[in-house]
Number of protein chains: 2
Amino acid sequence: MPPLRTALLQSSGRLGDTAENLKALEEAAERAARGGAGLLVTSEMFLTGYALDLQDIPGIAEPADGMSARAIGEIARRHGIAVLYGYPERAGDAVYNSAQLIGPDGAPLANYRKTHLFGCFEQDAFTPGDTPVVQAELNGLRIGIMICYDVEFPENVRAHALAGTDLLLVPTAQMHPFQFVAEQLVPVRAFENQMYIAYVNRTGPEGEFEFVGLSCLASPDGVTRTRAGRGEETVVGEVDPELLRASREANPYLRDRRPGLYASLV
Amino acid sequence: MPPLRTALLQSSGRLGDTAENLKALEEAAERAARGGAGLLVTSEMFLTGYALDLQDIPGIAEPADGMSARAIGEIARRHGIAVLYGYPERAGDAVYNSAQLIGPDGAPLANYRKTHLFGCFEQDAFTPGDTPVVQAELNGLRIGIMICYDVEFPENVRAHALAGTDLLLVPTAQMHPFQFVAEQLVPVRAFENQMYIAYVNRTGPEGEFEFVGLSCLASPDGVTRTRAGRGEETVVGEVDPELLRASREANPYLRDRRPGLYASLV
């Protein structure tokens with residue numbers, strides 16, 4: 001199987017302007033597909049922006065099969081590229097902090113609702129999801145999805161490893177002073193779980209937050225394959241099934257686990 | 001409470017020569033105590049060396065209350081410093097890869113048997129321990145013990161965090177090409193679990209192995225407080241209860257966990 005070229009769109013888009021962000025997404029998809037990418041990953045809440053006023057969130061949120069989902073399906077299909085986008089999801093009375101994967105044919109493949117909400121803003125704005133592992137198949141790889149703070153809990157990524165995730169997509173809104181997470185923690189998660197992780201951040205100031213960029217694609221051998229700076233930027237890296245296979249053979253973490261000793265974690 | 005000054009003795013000692021290694025340990029304890037340290041930590045299997053011939057291990061192994069344990073108790077008492085040392089432990093017919101903590105009064109405080117054995121050599125040489133969390137109190141800190149490969153499993157360190165470990169002592173025999181663990185993984189473990197970790201390695205070639213040094217004291221704020229090079233060296237760092245308290249307040253990982261979602265790990 002050939003490697004999956006993955007484009008990381010490090011951008012905050014425009015706060016509160018879904019139409020403008022859909023336009024930016026289309027441009028990024030066109031550019032990424034032209035560069036040979038089969039997958040484009042955006043940041044957390046890319047569709048609407050992150051630092052929304054609390055009272056505006058229910059109104060700007062959309063269902064997983066809403067208008068923007070259909071528009072992104074069209075974008076994906078038009079350029080023949082899978083797209084993972086972050087957005088506020090309305091479902092009945094609840095609003096989730098979600099990320100949806102759309103296939104290159106425009107069909108939705110998986111929708112994930114953030115399970116570990118960070119800080120007061122998110123806890124006020126969103127209902128936490130209750131499904132820890134959401135996956136889909138793409139180009140022969142098992143793709144997993146989580147969002148930002150989720151990846152900082154080793155339990156969440158381990159659950160993905162045990163469920164066979166090959167490439168974990170993590171849209172994020174990582175802010176100052178937590179750049180340690182982007183720079184150090186994400187590559188360690190990839191190594192200890194023997195998977196690829198695409199961690200895609202927002203940039204610059206937004207409301208009370210200052211996002212740190214530093215998006216990366218980390219591989220299971222502990223190498224950071226590509227790393228963005230602090231500003232708006234798209235970086236591209238390859239997810240190589242053969243590297244994944246060789247690395248797993250050399251690092252038998254999943255085989256050497258002793259689940260009988262981990263009872264205190266649950 | 002004042003910080004606990006902790007000395008990391010990065011040394012391989014002399015292979016197969018317990019008497020010589022006790023002498024080196026006494027010199028290190030004297031030096032560390034003179035420099036104000038309250039705790040001296042050695043590498044994995046420091047007492048005997050690591051790359052022993054399989055058939056020699058049962059003979060050189062000692063009980064947890066054997067002659068060397070008593071000698072180290074004397075060293076600790078004489079210099080008024082706690083000592084954590086790695087050694088092969090004989091218990092009945094079994095031999096464990098163990099580490100024992102002796103208090104500054106010379107009394108044994110805790111003995112840990114490595115639960116996650118690395119590779120064929122260790123799996124042939126040792127029986128795995130079955131107690132994941134071993135702790136003791138020292139200077140008002142809760143001290144935990146694990147050995148080398150154990151720390152690479154996020155589950156093990158999380159179990160210590162949940163049991164309140166403040167400072168995790170990790171004697172190791174980390175070898176080429178796994179320096180990623182010393183450089184990157186250990187600081188991430190300290191951060192994600194909000195504890196100090198003292199990771200103390202061997203150095204240089206020994207049998208078929210090439211140890212990478214790079215011992216470190218990592219603090220819960222993601223900072224590496226002290227870091228050794230690749231050769232024989234003692235480095236010293238402070239374990240500060242006030243930093244620990246402030247860092248835990250700023251990083252509420254343990255409070256934000258959702259154990260109900262982690263069932264697949266056990």
# chains A, B, ... in the order shown; residues from 1 in each chain; ligands from 1
>>> interface_residues(of="chain A", to="chain B", cutoff="6 Å", atoms="only C-alpha atoms", output="PyMOL selection string")
chain A and resi 185+188+259+262+266
>>> residues_around(residues="Pro2 of chain B", least_positions_apart="4", cutoff="10 Å", atoms="only C-alpha atoms", output="number ranges by chain")
B: 139-140, 238-242
>>> select_by_dssp(residues="segment 50-238 of chain B", states="helix (DSSP H, G or I)", output="PyMOL selection string")
chain B and resi 54-60+67-79+119-125+148-152+154-162+179-193
>>> atom_distance(atom1="atom CA of Arg77 of chain A", atom2="atom CA of Pro104 of chain A")
5.3 Å
>>> residues_around(residues="Arg113 of chain A", least_positions_apart="5", cutoff="6 Å", atoms="only C-alpha atoms", output="list in words")
Tyr96, Asn97, Ser98 and Gly129 of chain A
>>> select_by_dssp(residues="segment 50-180 of chain B", states="strand (DSSP E or B)", output="PyMOL selection string")
chain B and resi 62+82-91+94-102+108-113+135-138+141-145+167-171+175
>>> residues_around(residues="Asn21 of chain A", least_positions_apart="6", cutoff="9 Å", atoms="only C-alpha atoms", output="PyMOL selection string")
chain A and resi 12-15+46-49
>>> write_last_selection(atoms="N, CA, C and O atoms", output="PDB file, in the first residue's frame")
ATOM      1  N   SER A  12      -6.689  29.400  11.833  1.00  0.00           N
ATOM      2  CA  SER A  12      -7.836  29.687  12.691  1.00  0.00           C
ATOM      3  C   SER A  12      -9.053  30.110  11.888  1.00  0.00           C
ATOM      4  O   SER A  12     -10.124  30.321  12.450  1.00  0.00           O
ATOM      5  N   GLY A  13      -8.900  30.236  10.585  1.00  0.00           N
ATOM      6  CA  GLY A  13     -10.036  30.721   9.791  1.00  0.00           C
ATOM      7  C   GLY A  13     -10.491  32.078  10.301  1.00  0.00           C
ATOM      8  O   GLY A  13      -9.714  32.864  10.838  1.00  0.00           O
ATOM      9  N   ARG A  14     -11.783  32.365  10.125  1.00  0.00           N
ATOM     10  CA  ARG A  14     -12.312  33.653  10.591  1.00  0.00           C
ATOM     11  C   ARG A  14     -13.390  33.394  11.622  1.00  0.00           C
ATOM     12  O   ARG A  14     -14.345  32.645  11.358  1.00  0.00           O
ATOM     13  N   LEU A  15     -13.269  33.995  12.787  1.00  0.00           N
ATOM     14  CA  LEU A  15     -14.152  33.724  13.926  1.00  0.00           C
ATOM     15  C   LEU A  15     -15.606  34.063  13.600  1.00  0.00           C
ATOM     16  O   LEU A  15     -15.919  35.196  13.204  1.00  0.00           O
ATOM     17  N   PHE A  46     -12.724  24.445  13.455  1.00  0.00           N
ATOM     18  CA  PHE A  46     -12.315  25.237  12.294  1.00  0.00           C
ATOM     19  C   PHE A  46     -13.515  25.879  11.602  1.00  0.00           C
ATOM     20  O   PHE A  46     -13.444  27.009  11.102  1.00  0.00           O
ATOM     21  N   LEU A  47     -14.620  25.154  11.547  1.00  0.00           N
ATOM     22  CA  LEU A  47     -15.769  25.618  10.766  1.00  0.00           C
ATOM     23  C   LEU A  47     -16.283  26.979  11.233  1.00  0.00           C
ATOM     24  O   LEU A  47     -16.703  27.801  10.414  1.00  0.00           O
ATOM     25  N   THR A  48     -16.231  27.222  12.541  1.00  0.00           N
ATOM     26  CA  THR A  48     -16.870  28.427  13.100  1.00  0.00           C
ATOM     27  C   THR A  48     -15.914  29.338  13.848  1.00  0.00           C
ATOM     28  O   THR A  48     -16.287  30.457  14.222  1.00  0.00           O
ATOM     29  N   GLY A  49     -14.692  28.874  14.121  1.00  0.00           N
ATOM     30  CA  GLY A  49     -13.826  29.552  15.088  1.00  0.00           C
ATOM     31  C   GLY A  49     -14.093  29.010  16.473  1.00  0.00           C
ATOM     32  O   GLY A  49     -15.132  28.393  16.733  1.00  0.00           O
TER      33      GLY A  49
END
>>> residues_around(residues="Phe121 of chain B", least_positions_apart="2", cutoff="10 Å", atoms="only C-alpha atoms", output="ChimeraX atom specification")
/B:51-54,117-119,123-126
>>> residues_around(residues="Cys216 of chain B", least_positions_apart="4", cutoff="6 Å", atoms="only C-alpha atoms", output="list of chain:residue names")
B:Ala198, B:Tyr199, B:Thr226, B:Arg227
>>> atom_distance(atom1="atom CA of Ala19 of chain A", atom2="atom CA of Asn111 of chain A")
21.0 Å
>>> atom_distance(atom1="atom CA of Ala33 of chain A", atom2="atom CA of Arg78 of chain A")
10.0 Å
>>> residues_around(residues="Ser215 of chain B", least_positions_apart="4", cutoff="10 Å", atoms="only C-alpha atoms", output="MDAnalysis selection string")
chainID B and resid 8:11 43 170:172 174 182:183 186 198:203 226:230 233:235
>>> decode(residues="segment 75-142 of chain B", atoms="C-alpha atoms", output="CSV table (one decimal), in the first residue's frame")
chain,number,residue,atom,x,y,z
B,75,ILE,CA,26.2,3.3,54.2
B,76,ALA,CA,22.9,5.2,54.4
B,77,ARG,CA,23.0,5.5,58.1
B,78,ARG,CA,26.6,6.5,58.2
B,79,HIS,CA,26.0,9.4,55.8
B,80,GLY,CA,22.5,10.2,56.7
B,81,ILE,CA,21.1,9.8,53.2
B,82,ALA,CA,18.4,7.6,51.7
B,83,VAL,CA,19.6,5.2,48.9
B,84,LEU,CA,17.7,3.5,46.1
B,85,TYR,CA,19.7,0.7,44.5
B,86,GLY,CA,19.0,-1.8,41.7
B,87,TYR,CA,19.9,-5.4,42.2
B,88,PRO,CA,19.0,-9.0,41.3
B,89,GLU,CA,16.8,-10.3,44.2
B,90,ARG,CA,16.7,-14.0,45.1
B,91,ALA,CA,13.5,-15.1,46.8
B,92,GLY,CA,13.1,-18.9,47.1
B,93,ASP,CA,13.7,-20.3,43.7
B,94,ALA,CA,12.8,-17.0,41.9
B,95,VAL,CA,15.1,-14.2,40.9
B,96,TYR,CA,13.6,-10.8,40.4
B,97,ASN,CA,15.0,-7.6,38.9
B,98,SER,CA,14.5,-5.4,41.9
B,99,ALA,CA,15.1,-2.0,43.4
B,100,GLN,CA,15.2,-1.3,47.1
B,101,LEU,CA,14.9,2.0,49.0
B,102,ILE,CA,16.8,2.3,52.3
B,103,GLY,CA,16.1,5.2,54.6
B,104,PRO,CA,18.7,7.6,56.0
B,105,ASP,CA,18.6,5.7,59.3
B,106,GLY,CA,19.6,2.5,57.4
B,107,ALA,CA,16.2,0.8,57.6
B,108,PRO,CA,14.6,-0.7,54.4
B,109,LEU,CA,11.6,1.4,53.3
B,110,ALA,CA,10.3,-0.4,50.2
B,111,ASN,CA,11.3,-3.1,47.8
B,112,TYR,CA,10.0,-3.3,44.2
B,113,ARG,CA,10.2,-6.1,41.7
B,114,LYS,CA,10.1,-5.1,38.0
B,115,THR,CA,6.7,-6.0,36.5
B,116,HIS,CA,7.5,-5.4,32.8
B,117,LEU,CA,10.5,-7.3,31.7
B,118,PHE,CA,12.3,-6.1,28.5
B,119,GLY,CA,13.4,-8.5,25.7
B,120,CYS,CA,14.7,-12.0,25.8
B,121,PHE,CA,17.6,-11.5,28.2
B,122,GLU,CA,15.4,-10.2,31.0
B,123,GLN,CA,12.6,-12.7,30.3
B,124,ASP,CA,15.1,-15.5,30.5
B,125,ALA,CA,16.8,-14.2,33.6
B,126,PHE,CA,14.0,-13.0,35.8
B,127,THR,CA,10.6,-13.7,37.2
B,128,PRO,CA,8.2,-10.7,36.7
B,129,GLY,CA,6.9,-9.0,39.8
B,130,ASP,CA,3.2,-8.8,40.4
B,131,THR,CA,2.8,-5.7,42.5
B,132,PRO,CA,2.4,-2.6,40.3
B,133,VAL,CA,2.6,0.1,42.9
B,134,VAL,CA,5.2,0.1,45.6
B,135,GLN,CA,5.6,3.3,47.7
B,136,ALA,CA,7.3,4.7,50.8
B,137,GLU,CA,7.3,8.0,52.7
B,138,LEU,CA,10.5,10.1,52.8
B,139,ASN,CA,10.8,13.8,53.9
B,140,GLY,CA,7.0,14.2,53.6
B,141,LEU,CA,7.0,13.0,50.0
B,142,ARG,CA,5.4,9.9,48.7
